[in-house]
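Enquirer: Structure: data_25.txt, compact mmCIF, C-alpha atoms and all ligand atoms.
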```txt
# COMPACT_ATOMS: atom_id res chain seq x y z
CA MET A 1424 33.60 -76.69 26.79
CA SER A 1425 29.80 -76.64 27.16
CA ASN A 1426 27.89 -79.50 25.69
CA PRO A 1427 26.46 -77.91 22.54
CA THR A 1428 23.27 -79.88 22.87
CA THR A 1429 22.33 -77.87 25.97
CA TYR A 1430 21.65 -74.77 23.89
CA SER A 1431 17.94 -74.05 23.67
CA SER A 1432 16.72 -75.23 20.36
CA VAL A 1433 14.50 -74.66 17.37
CA SER A 1434 12.83 -77.60 15.68
CA THR A 1435 13.24 -79.10 12.24
CA PRO A 1436 11.15 -81.66 10.39
CA SER A 1437 12.31 -85.22 10.88
CA VAL A 1438 14.42 -86.70 8.06
CA GLU A 1439 16.01 -90.09 7.56
CA PRO A 1440 19.63 -89.83 8.69
CA LYS A 1441 21.91 -91.23 6.01
CA THR A 1442 25.54 -92.17 6.00
CA LEU A 1443 28.10 -91.21 3.40
CA ASN A 1444 30.36 -93.86 1.91
CA ILE A 1445 33.71 -92.66 0.62
CA GLY A 1446 35.24 -95.89 -0.67
CA SER A 1447 35.74 -98.05 2.40
CA ILE A 1448 35.15 -95.15 4.79
CA THR A 1449 31.69 -94.82 6.25
CA VAL A 1450 30.97 -91.31 7.46
CA PRO A 1451 28.07 -91.44 9.93
CA LEU A 1452 26.46 -88.28 8.55
CA PRO A 1453 26.62 -86.80 5.03
CA VAL A 1454 28.63 -83.78 6.13
CA VAL A 1455 32.11 -82.77 4.99
CA LEU A 1456 34.29 -79.90 6.20
CA ALA A 1457 35.58 -78.18 3.06
CA PRO A 1458 39.33 -77.93 2.69
CA MET A 1459 40.24 -74.33 3.50
CA ALA A 1460 43.80 -73.07 3.27
CA GLY A 1461 44.92 -71.43 6.49
CA VAL A 1462 41.88 -72.72 8.37
CA THR A 1463 41.29 -76.48 8.30
CA ASN A 1464 44.44 -77.48 10.13
CA ALA A 1465 44.46 -80.30 12.70
CA PRO A 1466 43.27 -78.12 15.63
CA PHE A 1467 40.29 -76.74 13.71
CA ARG A 1468 39.36 -80.19 12.43
CA ARG A 1469 39.46 -81.55 15.98
CA LEU A 1470 37.30 -78.70 17.25
CA CYS A 1471 34.68 -79.17 14.52
CA LYS A 1472 34.59 -82.89 15.14
CA GLN A 1473 33.76 -82.31 18.80
CA PHE A 1474 30.44 -80.89 17.62
CA GLY A 1475 29.30 -83.45 15.07
CA ALA A 1476 30.15 -86.46 13.02
CA GLY A 1477 31.48 -85.83 9.52
CA LEU A 1478 34.53 -85.96 7.30
CA TYR A 1479 37.04 -83.22 8.07
CA VAL A 1480 39.47 -82.45 5.23
CA SER A 1481 42.93 -80.86 5.56
CA GLU A 1482 44.13 -77.68 3.96
CA MET A 1483 45.35 -77.89 0.37
CA ILE A 1484 48.81 -79.48 0.16
CA SER A 1485 51.06 -78.89 -2.84
CA ALA A 1486 52.08 -82.28 -4.25
CA ARG A 1487 55.31 -80.89 -5.62
CA ALA A 1488 56.30 -79.15 -2.37
CA LEU A 1489 55.65 -82.38 -0.54
CA CYS A 1490 57.80 -84.38 -2.97
CA GLU A 1491 60.57 -81.82 -2.68
CA GLY A 1492 60.63 -82.22 1.07
CA SER A 1493 59.33 -78.79 2.10
CA ASN A 1494 59.17 -78.69 5.89
CA LYS A 1495 56.29 -76.23 5.87
CA THR A 1496 54.25 -78.52 3.62
CA ASP A 1497 55.12 -81.59 5.64
CA MET A 1498 53.88 -79.79 8.75
CA LEU A 1499 50.61 -78.85 7.00
CA ALA A 1500 50.13 -82.48 6.05
CA ARG A 1501 50.37 -83.72 9.64
CA PHE A 1502 47.47 -85.29 11.52
CA ALA A 1503 46.97 -85.76 15.22
CA ASP A 1504 47.79 -89.30 16.37
CA ASP A 1505 44.13 -90.03 17.05
CA GLU A 1506 42.63 -88.36 13.97
CA ASN A 1507 40.46 -90.81 12.06
CA PRO A 1508 39.92 -90.78 9.16
CA ARG A 1509 42.92 -88.75 8.03
CA SER A 1510 41.66 -86.81 5.05
CA LEU A 1511 44.16 -84.84 2.96
CA GLN A 1512 43.70 -82.56 -0.04
CA LEU A 1513 46.40 -82.50 -2.71
CA ALA A 1514 46.87 -79.94 -5.44
CA GLY A 1515 49.12 -80.01 -8.46
CA VAL A 1516 49.33 -79.68 -12.21
CA ASN A 1517 51.71 -82.53 -12.89
CA PRO A 1518 50.61 -86.19 -12.82
CA THR A 1519 54.10 -87.32 -11.84
CA TYR A 1520 54.18 -85.21 -8.69
CA ILE A 1521 50.61 -86.09 -7.78
CA GLY A 1522 51.32 -89.81 -8.18
CA GLU A 1523 54.56 -89.57 -6.23
CA ALA A 1524 52.98 -87.56 -3.41
CA VAL A 1525 50.18 -90.10 -3.07
CA ARG A 1526 52.65 -93.00 -3.14
CA ARG A 1527 54.82 -91.48 -0.41
CA LEU A 1528 51.94 -90.58 1.87
CA ARG A 1529 50.46 -94.00 1.42
CA HIS A 1530 53.77 -95.77 1.91
CA ASP A 1531 54.24 -93.91 5.21
CA ASP A 1532 50.62 -94.70 6.14
CA ARG A 1533 49.82 -91.04 6.73
CA VAL A 1534 46.46 -90.73 4.98
CA ASP A 1535 43.10 -92.56 4.84
CA HIS A 1536 41.49 -90.42 2.13
CA PHE A 1537 42.86 -88.22 -0.64
CA ASP A 1538 40.95 -85.30 -2.13
CA LEU A 1539 42.16 -83.58 -5.30
CA ASN A 1540 41.75 -79.83 -5.72
CA PHE A 1541 40.52 -78.66 -9.12
CA GLY A 1542 38.61 -75.65 -7.88
CA CYS A 1543 41.17 -73.14 -6.71
CA PRO A 1544 40.34 -69.77 -8.34
CA VAL A 1545 43.45 -67.92 -7.20
CA ARG A 1546 45.30 -66.07 -9.94
CA LYS A 1547 48.74 -67.42 -9.04
CA VAL A 1548 47.37 -70.96 -9.52
CA THR A 1549 45.08 -70.58 -12.56
CA ARG A 1550 47.55 -68.53 -14.57
CA HIS A 1551 49.75 -71.62 -14.69
CA GLY A 1552 46.82 -73.87 -15.57
CA GLY A 1553 46.24 -75.19 -12.05
CA GLY A 1554 43.21 -75.38 -9.76
CA GLY A 1555 39.94 -74.45 -11.44
CA ALA A 1556 41.63 -73.93 -14.82
CA LEU A 1557 42.82 -77.51 -15.11
CA PRO A 1558 39.67 -79.55 -15.82
CA TYR A 1559 39.35 -77.64 -19.09
CA LYS A 1560 42.29 -79.67 -20.41
CA ARG A 1561 40.51 -83.01 -20.37
CA LYS A 1562 43.57 -85.18 -21.05
CA LEU A 1563 45.73 -83.53 -18.43
CA TYR A 1564 42.90 -83.69 -15.91
CA THR A 1565 42.40 -87.37 -16.71
CA SER A 1566 46.07 -88.18 -16.25
CA ILE A 1567 46.27 -86.38 -12.90
CA VAL A 1568 43.19 -88.09 -11.48
CA LYS A 1569 44.40 -91.44 -12.83
CA ALA A 1570 47.88 -90.97 -11.36
CA ALA A 1571 46.35 -90.35 -7.94
CA ILE A 1572 43.94 -93.26 -8.09
CA ASP A 1573 46.58 -95.69 -9.39
CA ALA A 1574 48.99 -94.70 -6.63
CA ALA A 1575 46.37 -94.69 -3.90
CA GLY A 1576 45.53 -98.39 -4.15
CA PRO A 1577 42.72 -99.09 -1.69
CA VAL A 1578 42.81 -95.57 -0.24
CA PRO A 1579 39.82 -93.64 -1.63
CA VAL A 1580 40.41 -90.61 -3.84
CA THR A 1581 37.77 -87.90 -4.27
CA VAL A 1582 37.79 -84.95 -6.64
CA LYS A 1583 36.56 -81.40 -5.96
CA PHE A 1584 35.89 -78.91 -8.72
CA ARG A 1585 33.91 -75.84 -9.77
CA VAL A 1586 31.31 -75.49 -12.54
CA GLY A 1587 33.94 -74.40 -15.04
CA ILE A 1588 36.11 -71.48 -15.96
CA ASN A 1589 33.16 -69.27 -16.89
CA ASP A 1590 29.68 -69.69 -18.38
CA GLU A 1591 31.19 -70.29 -21.86
CA HIS A 1592 33.66 -72.91 -20.64
CA VAL A 1593 31.73 -75.28 -18.42
CA THR A 1594 33.58 -78.43 -17.37
CA TYR A 1595 31.90 -79.97 -14.33
CA LEU A 1596 29.92 -82.71 -16.06
CA ASP A 1597 33.00 -83.95 -17.92
CA ALA A 1598 35.10 -83.63 -14.77
CA GLY A 1599 32.58 -85.68 -12.82
CA LYS A 1600 32.16 -88.38 -15.44
CA ILE A 1601 35.89 -88.75 -16.02
CA ALA A 1602 36.53 -89.05 -12.27
CA GLU A 1603 33.75 -91.61 -11.89
CA ASP A 1604 35.03 -93.70 -14.82
CA LEU A 1605 38.57 -93.65 -13.43
CA GLY A 1606 37.42 -95.00 -10.06
CA ALA A 1607 37.12 -91.91 -7.86
CA ALA A 1608 35.25 -92.54 -4.61
CA ALA A 1609 33.16 -89.36 -4.79
CA VAL A 1610 33.04 -85.97 -6.46
CA ALA A 1611 32.29 -82.58 -4.93
CA LEU A 1612 31.02 -79.57 -6.82
CA HIS A 1613 31.18 -75.92 -5.75
CA GLY A 1614 28.35 -74.39 -7.78
CA ARG A 1615 30.27 -71.39 -9.05
CA THR A 1616 32.65 -70.79 -11.92
CA VAL A 1617 36.24 -69.64 -11.46
CA GLU A 1618 35.18 -66.32 -12.97
CA GLN A 1619 32.51 -65.88 -10.30
CA LEU A 1620 35.05 -66.45 -7.55
CA TYR A 1621 32.77 -66.03 -4.48
CA SER A 1622 30.27 -63.55 -5.94
CA GLY A 1623 26.55 -64.08 -6.37
CA GLU A 1624 24.97 -67.31 -5.25
CA ALA A 1625 26.16 -70.84 -5.86
CA ASP A 1626 24.03 -72.42 -8.58
CA TRP A 1627 22.68 -75.55 -6.92
CA SER A 1628 21.00 -76.68 -10.13
CA THR A 1629 24.47 -77.67 -11.36
CA ILE A 1630 24.72 -80.04 -8.40
CA ALA A 1631 21.43 -81.63 -9.47
CA ARG A 1632 22.76 -81.98 -13.07
CA LEU A 1633 25.95 -83.57 -11.80
CA LYS A 1634 23.94 -86.01 -9.70
CA GLU A 1635 22.06 -87.07 -12.86
CA THR A 1636 25.36 -87.57 -14.71
CA VAL A 1637 27.46 -89.25 -12.03
CA THR A 1638 25.38 -92.14 -10.82
CA SER A 1639 27.64 -94.76 -9.26
CA ILE A 1640 29.52 -92.74 -6.62
CA PRO A 1641 28.43 -90.08 -4.13
CA VAL A 1642 28.00 -86.53 -5.42
CA LEU A 1643 28.67 -83.87 -2.80
CA GLY A 1644 27.21 -80.38 -3.04
CA ASN A 1645 29.09 -77.27 -2.02
CA GLY A 1646 28.36 -73.57 -1.88
CA ASP A 1647 26.48 -71.22 0.40
CA ILE A 1648 25.43 -73.49 3.22
CA TRP A 1649 25.24 -70.94 6.04
CA GLU A 1650 22.73 -72.69 8.27
CA ALA A 1651 21.74 -76.29 8.92
CA ALA A 1652 18.44 -75.80 7.12
CA ASP A 1653 20.39 -74.87 3.94
CA ALA A 1654 22.04 -78.30 4.02
CA LEU A 1655 18.70 -80.11 4.15
CA ARG A 1656 17.41 -77.87 1.38
CA MET A 1657 20.45 -78.61 -0.80
CA VAL A 1658 19.94 -82.36 -0.38
CA ASP A 1659 16.26 -81.98 -1.07
CA GLU A 1660 16.64 -79.74 -4.14
CA THR A 1661 19.62 -81.47 -5.77
CA GLY A 1662 19.48 -85.08 -4.57
CA CYS A 1663 23.14 -84.82 -3.57
CA ASP A 1664 24.59 -87.45 -1.27
CA GLY A 1665 26.30 -85.09 1.11
CA VAL A 1666 27.13 -81.46 1.76
CA VAL A 1667 30.49 -79.71 1.94
CA ILE A 1668 30.70 -76.81 4.38
CA GLY A 1669 33.18 -74.00 3.85
CA ARG A 1670 32.69 -70.41 4.99
CA GLY A 1671 29.58 -71.19 7.02
CA CYS A 1672 31.71 -72.78 9.74
CA LEU A 1673 34.32 -70.02 9.99
CA GLY A 1674 34.10 -68.97 13.64
CA ARG A 1675 31.14 -71.35 13.94
CA PRO A 1676 32.41 -74.89 14.53
CA TRP A 1677 29.10 -75.51 16.31
CA LEU A 1678 27.45 -75.49 12.89
CA PHE A 1679 28.51 -79.16 12.73
CA GLY A 1680 26.38 -79.83 15.81
CA GLN A 1681 23.46 -78.09 14.17
CA LEU A 1682 24.02 -80.07 10.96
CA ALA A 1683 24.18 -83.35 12.87
CA ALA A 1684 20.88 -82.53 14.58
CA ALA A 1685 19.29 -81.49 11.30
CA PHE A 1686 20.31 -84.68 9.51
CA ARG A 1687 19.07 -86.77 12.44
CA GLY A 1688 15.76 -84.92 12.46
CA GLU A 1689 16.43 -83.62 15.97
CA PRO A 1690 15.86 -80.08 17.25
CA ILE A 1691 18.61 -77.79 15.98
CA PRO A 1692 20.65 -76.29 18.84
CA LYS A 1693 20.47 -72.51 18.92
CA PRO A 1694 23.69 -70.59 18.37
CA PRO A 1695 25.75 -70.23 21.56
CA THR A 1696 25.70 -67.13 23.75
CA THR A 1697 28.85 -65.02 23.92
CA ALA A 1698 29.85 -66.78 27.16
CA GLU A 1699 29.63 -70.11 25.34
CA VAL A 1700 31.42 -68.67 22.30
CA ALA A 1701 34.19 -67.50 24.63
CA GLU A 1702 34.64 -71.06 25.91
CA ILE A 1703 34.84 -72.41 22.36
CA MET A 1704 37.27 -69.67 21.31
CA THR A 1705 39.49 -70.47 24.27
CA GLU A 1706 39.45 -74.15 23.35
CA HIS A 1707 40.29 -73.37 19.71
CA ALA A 1708 43.17 -71.09 20.71
CA ARG A 1709 44.44 -73.67 23.21
CA LEU A 1710 44.42 -76.39 20.52
CA LEU A 1711 46.32 -74.11 18.11
CA VAL A 1712 48.94 -73.33 20.76
CA GLU A 1713 49.29 -77.01 21.58
CA TRP A 1714 49.80 -77.77 17.87
CA PHE A 1715 51.91 -74.84 16.67
CA GLY A 1716 53.50 -73.59 19.90
CA ASP A 1717 52.76 -70.32 21.73
CA TYR A 1718 53.94 -67.81 19.17
CA LYS A 1719 52.45 -69.21 15.97
CA GLY A 1720 49.39 -70.67 17.69
CA VAL A 1721 48.22 -67.34 19.07
CA ARG A 1722 48.90 -65.56 15.79
CA GLU A 1723 47.00 -68.21 13.86
CA PHE A 1724 44.06 -67.65 16.15
CA ARG A 1725 43.87 -63.88 15.59
CA LYS A 1726 42.03 -64.15 12.27
CA HIS A 1727 39.36 -66.38 13.80
CA THR A 1728 38.38 -63.87 16.49
CA ALA A 1729 36.41 -61.60 14.14
CA TRP A 1730 34.56 -64.60 12.66
CA TYR A 1731 33.59 -65.89 16.10
CA LEU A 1732 32.00 -62.62 17.19
CA LYS A 1733 30.39 -61.70 13.88
CA GLY A 1734 26.77 -60.69 14.44
CA TYR A 1735 27.03 -60.57 18.26
CA PRO A 1736 26.41 -57.19 19.85
CA VAL A 1737 29.88 -56.67 21.33
CA GLY A 1738 31.91 -53.48 20.98
CA GLY A 1739 34.32 -52.66 18.18
CA GLU A 1740 37.12 -51.96 20.61
CA VAL A 1741 37.27 -55.46 22.03
CA ARG A 1742 37.13 -56.92 18.50
CA GLY A 1743 40.16 -54.82 17.57
CA LEU A 1744 42.07 -55.92 20.65
CA LEU A 1745 41.22 -59.59 20.06
CA GLY A 1746 42.67 -59.33 16.56
CA ARG A 1747 46.02 -58.33 18.07
CA ILE A 1748 46.37 -60.72 21.02
CA ASP A 1749 49.85 -61.94 21.92
CA SER A 1750 49.00 -64.63 24.45
CA LEU A 1751 46.30 -66.98 25.69
CA GLU A 1752 46.15 -64.95 28.92
CA GLU A 1753 45.36 -61.82 26.95
CA LEU A 1754 42.62 -63.71 25.12
CA THR A 1755 41.08 -64.95 28.38
CA THR A 1756 41.14 -61.49 29.96
CA LEU A 1757 39.42 -59.92 26.96
CA LEU A 1758 36.82 -62.69 26.74
CA ASP A 1759 36.11 -62.45 30.48
CA GLY A 1760 35.11 -58.84 29.91
CA LEU A 1761 32.49 -59.66 27.25
CA PRO A 1762 28.83 -59.18 28.13
CA ASP A 1763 26.86 -62.46 28.00
CA VAL A 1764 24.48 -61.91 25.12
CA ILE A 1765 22.71 -64.04 22.54
CA LEU A 1766 23.06 -63.85 18.78
CA PRO A 1767 20.11 -61.82 17.47
CA GLU A 1768 18.03 -63.96 15.11
CA GLU A 1769 18.46 -61.51 12.23
CA ASN A 1770 22.20 -62.24 12.43
CA TYR A 1771 21.98 -66.03 12.14
CA ARG A 1772 22.90 -65.65 8.46
CA VAL A 1773 25.69 -63.13 8.67
CA PHE A 1774 28.13 -64.13 5.91
CA ARG A 1775 31.81 -64.55 6.61
CA GLY A 1776 34.99 -65.31 4.68
CA HIS A 1777 35.56 -64.53 1.02
CA THR A 1778 32.84 -62.67 -0.89
CA ARG A 1779 35.00 -61.22 -3.66
CA GLY A 1780 34.29 -61.54 -7.37
CA PRO A 1781 33.63 -61.76 -10.19
CA GLN A 1782 37.17 -61.73 -11.56
CA THR A 1783 38.90 -61.88 -14.92
CA VAL A 1784 40.35 -65.37 -14.97
CA SER A 1785 44.06 -65.49 -15.52
CA LEU A 1786 45.06 -68.44 -17.74
CA PRO A 1787 48.16 -69.62 -19.62
CA GLU A 1788 48.30 -68.30 -23.17
CA ARG A 1789 46.00 -70.11 -25.63
CA TRP A 1790 44.69 -72.30 -22.77
CA LEU A 1791 41.15 -72.18 -24.14
CA ASP A 1792 42.06 -73.01 -27.73
CA ASP A 1793 41.62 -76.76 -27.50
CA PRO A 1794 40.23 -78.64 -24.53
CA PHE A 1795 41.55 -81.95 -25.87
CA ASP A 1796 45.16 -81.16 -26.73
CA ASP A 1797 47.96 -82.76 -24.76
CA ALA A 1798 48.96 -79.61 -22.97
CA LEU A 1799 51.00 -79.91 -19.86
CA ALA A 1800 50.31 -77.10 -17.48
CA ASP A 1801 53.11 -74.70 -16.76
CA ALA A 1802 55.34 -76.42 -14.17
CA ALA A 1803 55.31 -73.14 -12.26
CA GLY A 1804 51.75 -74.01 -11.31
CA ASP A 1805 53.13 -76.75 -9.15
CA SER A 1806 55.33 -74.52 -7.13
CA ALA A 1807 52.40 -72.65 -5.62
CA ALA A 1808 52.91 -72.80 -1.88
CA SER A 1809 50.72 -75.18 0.06
CA GLY A 1810 47.72 -73.62 1.64
CA GLY A 1811 47.90 -70.65 -0.72
C1 LIG A 1901 39.63 -69.25 3.41
C2 LIG A 1901 39.30 -70.26 2.34
C3 LIG A 1901 40.27 -71.15 1.92
C4 LIG A 1901 39.96 -72.12 0.95
N1 LIG A 1901 40.91 -73.04 0.61
C5 LIG A 1901 40.58 -74.07 -0.20
C6 LIG A 1901 41.50 -75.13 -0.45
O1 LIG A 1901 42.63 -75.15 0.07
N2 LIG A 1901 41.08 -76.14 -1.28
C7 LIG A 1901 39.84 -76.15 -1.86
O2 LIG A 1901 39.50 -77.09 -2.60
N3 LIG A 1901 38.96 -75.14 -1.65
C8 LIG A 1901 39.30 -74.13 -0.82
N4 LIG A 1901 38.38 -73.17 -0.54
C9 LIG A 1901 37.02 -73.28 -1.12
C10 LIG A 1901 36.09 -74.03 -0.19
O3 LIG A 1901 36.53 -75.35 0.02
C11 LIG A 1901 34.65 -74.06 -0.73
O4 LIG A 1901 34.65 -74.76 -1.95
C12 LIG A 1901 34.09 -72.67 -0.99
O5 LIG A 1901 34.35 -71.82 0.11
C13 LIG A 1901 32.58 -72.71 -1.26
O6 LIG A 1901 31.89 -73.25 -0.17
P1 LIG A 1901 31.12 -72.33 0.91
O7 LIG A 1901 30.14 -71.49 0.17
O8 LIG A 1901 30.52 -73.30 1.86
O9 LIG A 1901 32.18 -71.47 1.55
C14 LIG A 1901 38.68 -72.16 0.39
C15 LIG A 1901 37.70 -71.25 0.80
C16 LIG A 1901 37.99 -70.32 1.76
C17 LIG A 1901 36.92 -69.37 2.20
```
Can you give me the file's structure in the form of structure tokens?

Expert:
Amino acid sequence: MSNPTTYSSVSTPSVEPKTLNIGSITVPLPVVLAPMAGVTNAPFRRLCKQFGAGLYVSEMISARALCEGSNKTDMLARFADDENPRSLQLAGVNPTYIGEAVRRLRHDDRVDHFDLNFGCPVRKVTRHGGGGALPYKRKLYTSIVKAAIDAAGPVPVTVKFRVGINDEHVTYLDAGKIAEDLGAAAVALHGRTVEQLYSGEADWSTIARLKETVTSIPVLGNGDIWEAADALRMVDETGCDGVVIGRGCLGRPWLFGQLAAAFRGEPIPKPPTTAEVAEIMTEHARLLVEWFGDYKGVREFRKHTAWYLKGYPVGGEVRGLLGRIDSLEELTTLLDGLPDVILPEENYRVFRGHTRGPQTVSLPERWLDDPFDDALADAAGDSAASGG
């Protein structure tokens, strides 16, 4: 693969590079790959890491499925032998399963950092009280975070959440404070409510408020970082200690190279040409095949092809064919036929991934009646498949 630093570059003002401390883990740059179901598997994490230093988090893993011995979940929770640190996101609505999952993973020495998911906006999760619905029930939220931290021992636990359920039911300041008081190593906020889903713009002022409230551990900001300059702006505007990158890196693992340069005050590498993109795509597909085998690896790669070529002036026909490839050879043949063109500057910010919303939030009956009751979420919320 080409050395990303050879791309011609645009300049950025010099800033002090700062590290990010997640418990005992020192991340050389304040950059985190957001957990993304169906995307941030071991091959994608490895690819991103080749571009820049950061913390690269797994897909969401269901604590209950893990405890019940699901093979699919166990596979999702695997790390490459040389992956370091091994950062895993757990989701669940039951403190017992969360505690047990953490204990098992720790006992088997499979994880160096746990992240807890309290931001999932998906109907099948929130309607049972899970994901972004859960922090509303302060006691339940407290017991889940505590169960994880108690079981994790010296392994750091971080907590990721949204602003709240909707503008009338805002939970992020409580969620942050509770996590800090319980001993979480950091908190991450996606500046949208569950109701917003992915619509509108993330409200970065909430990240600034959280930073004022949570003062003894790092506060990470998340939402709408599409370019390296956005990351610097988020740090500047909110005072956050690090940035979490989701959709901006879909089909753009080189964004981590641009972020590394930006945080070091170096010239930001320009986006790759299609010939360079083709090399990166081939590497990504090869890593997926190595990890999942030929059949699943190639199929997993199909969804990435459209993201990789978004904004580049290449024909619709080849995009269609790439989305249906059956082998690495087919991929190479199609990529060999691409014209070598640059990404037009007006397309540097072409959005990718989810944009849906707002939505009507689906919640268990009477969920909003009392934030402080002892509700247990519907156990069905735990059976949500990993990565869903
Ligand atoms: C395809 C996809 C899958 C996601 N899966 C998860 C997940 O498993 N766990 C989680 O906490 N957030 C998940 N998210 C949310 C992201 O981590 C992130 O919070 C959100 O996309 C906002 O950041 P962005 O604007 O940088 O994309 C997912 C987002 C996308 C687009």

Enquirer: Out of A:Trp1790, A:Trp1649, A:Tyr1559, A:Trp1627, which residue has the shortest atom-to-atom distance to ligand LIG 1901 (chain A) when counting all atoms listed in the file?

Expert: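 Residue with the minimum atom-to-atom distance to ligand LIG 1901 (chain A): A:Trp1649.
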
Enquirer: Separation of CA of Pro1544 in chain A and CA of Glu1624 in chain A, in Å?

Expert: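 About the pair CA of Pro1544 in chain A and CA of Glu1624 in chain A: they are 15.9 Å apart.
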
Enquirer: Could you jot down the CA of Val1480 in chain A to CA of Ser1628 in chain A separation for me, Å, one decimal place?

Expert: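 Atom-to-atom, CA of Val1480 in chain A to CA of Ser1628 in chain A, that is 24.7 Å.
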
Enquirer: Please check which protein, DNA or RNA residues sit within 6 Å of ligand LIG 1901 (chain A), counting only C-alpha atoms and all ligand atoms, and write them as a list of chain:residue names.

Expert: A:Ala1457, A:Pro1458, A:Met1459, A:Ala1460, A:Glu1482, A:Met1483, A:Asn1540, A:Gly1542, A:Cys1543, A:His1613, A:Asn1645, A:Gly1646, A:Asp1647, A:Ile1648, A:Ile1668, A:Gly1669, A:Arg1670, A:Gly1671, A:Gly1776, A:His1777, A:Gly1810

Enquirer: Restricting the output to C-alpha atoms, write the selected residues as a compact mmCIF listing (two decimals), keeping the file's coordinate frame.

Expert:
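File written: part.txt
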```txt
# COMPACT_ATOMS: atom_id res chain seq x y z
CA ALA A 1457 35.58 -78.18 3.06
CA PRO A 1458 39.33 -77.93 2.69
CA MET A 1459 40.24 -74.33 3.50
CA ALA A 1460 43.80 -73.07 3.27
CA GLU A 1482 44.13 -77.68 3.96
CA MET A 1483 45.35 -77.89 0.37
CA ASN A 1540 41.75 -79.83 -5.72
CA GLY A 1542 38.61 -75.65 -7.88
CA CYS A 1543 41.17 -73.14 -6.71
CA HIS A 1613 31.18 -75.92 -5.75
CA ASN A 1645 29.09 -77.27 -2.02
CA GLY A 1646 28.36 -73.57 -1.88
CA ASP A 1647 26.48 -71.22 0.40
CA ILE A 1648 25.43 -73.49 3.22
CA ILE A 1668 30.70 -76.81 4.38
CA GLY A 1669 33.18 -74.00 3.85
CA ARG A 1670 32.69 -70.41 4.99
CA GLY A 1671 29.58 -71.19 7.02
CA GLY A 1776 34.99 -65.31 4.68
CA HIS A 1777 35.56 -64.53 1.02
CA GLY A 1810 47.72 -73.62 1.64
```

Enquirer: Do you have the CA of Val1586 in chain A-CA of Leu1612 in chain A distance handy?

Expert: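 Here the two named atoms are 7.0 Å from each other.
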
Enquirer: My list of candidates is A:Gly1720, A:Pro1695, A:Gly1780, A:Gly1599. Which is closest to Ile1748 in chain A when distances are computed with all atoms listed in the file?

Expert: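 Ranking A:Gly1720, A:Pro1695, A:Gly1780, A:Gly1599 by distance to Ile1748 in chain A, first place goes to A:Gly1720.
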
Enquirer: Go through A:Ala1609, A:Cys1490, A:Leu1513, A:Val1525 one by one, measure the shortest atom-to-atom distance of each to Ala1575 in chain A using all atoms listed in the file, and give the residue with the smallest value.

Expert: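 The closest residue to Ala1575 in chain A is A:Val1525.
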
Enquirer: Looking at only C-alpha atoms, which of A:Val1637, A:Ala1701, A:Leu1751, A:Cys1663 is the one that sits closest to Val1721 in chain A?

Expert: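 Among the listed residues, A:Leu1751 lies closest to Val1721 in chain A.
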
Enquirer: Using all atoms listed in the file, which protein or nucleic acid residues come within 8 Å of Gln1619 in chain A? Drop anything in the same chain fewer than 3 positions from it, and give the result as an NGL selection string.

Expert: :A and (1589 or 1615-1616 or 1622-1623 or 1780-1782)

Enquirer: Box time for range 1513-1526 of chain A: axis-aligned, enclosing all its listed atoms, 6 Å extra on each side; report centre and edge lengths in Å to one decimal, as lines of an AutoDock Vina configuration file.

Expert:
```
center_x = 50.5
center_y = -86.3
center_z = -7.8
size_x = 20.2
size_y = 25.3
size_z = 22.2
```

Enquirer: Could you tell me which of A:Thr1449, A:Thr1629, A:Gln1473, A:Asn1444 comes closest to Gly1680 in chain A if we count all atoms listed in the file?

Expert: A:Gln1473

Enquirer: Any idea what's packed within 8 Å of Pro1451 in chain A, counting all atoms listed in the file, ignoring anything in its chain fewer than 3 positions away? Could you give it as an mmCIF file with C-alpha atoms, in the coordinates of the input?

Expert:
```
data_model
loop_
_atom_site.group_PDB
_atom_site.id
_atom_site.type_symbol
_atom_site.label_atom_id
_atom_site.label_comp_id
_atom_site.auth_asym_id
_atom_site.auth_seq_id
_atom_site.Cartn_x
_atom_site.Cartn_y
_atom_site.Cartn_z
ATOM 1 C CA LYS A 1441 21.910 -91.230 6.010
ATOM 2 C CA THR A 1442 25.540 -92.170 6.000
ATOM 3 C CA LEU A 1443 28.100 -91.210 3.400
ATOM 4 C CA ALA A 1476 30.150 -86.460 13.020
ATOM 5 C CA GLY A 1477 31.480 -85.830 9.520
#
```

Enquirer: Could you check which residues have any atom within 12 Å of (45.6, -88.3, 14.3), counting only C-alpha atoms with coordinates taken straight from the file, and then list them as number ranges by chain?

Expert: A: 1464-1466, 1468-1469, 1479, 1481, 1500-1511, 1532-1535, 1714

Enquirer: Let me make sure I understand: among A:Asp1604, A:Ser1485, A:Glu1491, A:Leu1757, which one has the smallest atom-to-atom distance to Gly1554 in chain A if we use all atoms listed in the file?

Expert: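 Among the listed residues, the smallest separation from Gly1554 in chain A belongs to A:Ser1485.
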
Enquirer: Residues near Val1700 in chain A, anyone? I mean within 9 Å using all atoms listed in the file, not counting same-chain ones fewer than 5 positions away, as a list in words.

Expert: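 Non-adjacent residues within range: Arg1675, Pro1694, Pro1695, Thr1705, Tyr1731 and Leu1732 of chain A.
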
Enquirer: List every protein, DNA or RNA residue with an atom no more than 12 Å from (41.8, -87.3, -14.0) in the file's coordinates, counting all atoms listed in the file, and format the result as number ranges by chain.

Expert: A: 1515-1518, 1521-1522, 1539-1541, 1557-1573, 1580-1584, 1597-1607, 1610

Enquirer: Could you build a table of the residues in range 1617-1678 of chain A lying no more than 8 Å from range 1683-1693 of chain A, giving for each the nearest pair of atoms and their separation in Å rounded to one decimal place, using only C-alpha atoms, ordered by chain and ascending residue number, as a tab-separated table?

Expert:
```
residue	atom	partner	partner_atom	distance
A:Ala1651	CA	A:Ala1685	CA	6.2
A:Ala1652	CA	A:Ala1685	CA	7.1
A:Leu1655	CA	A:Phe1686	CA	7.2
```
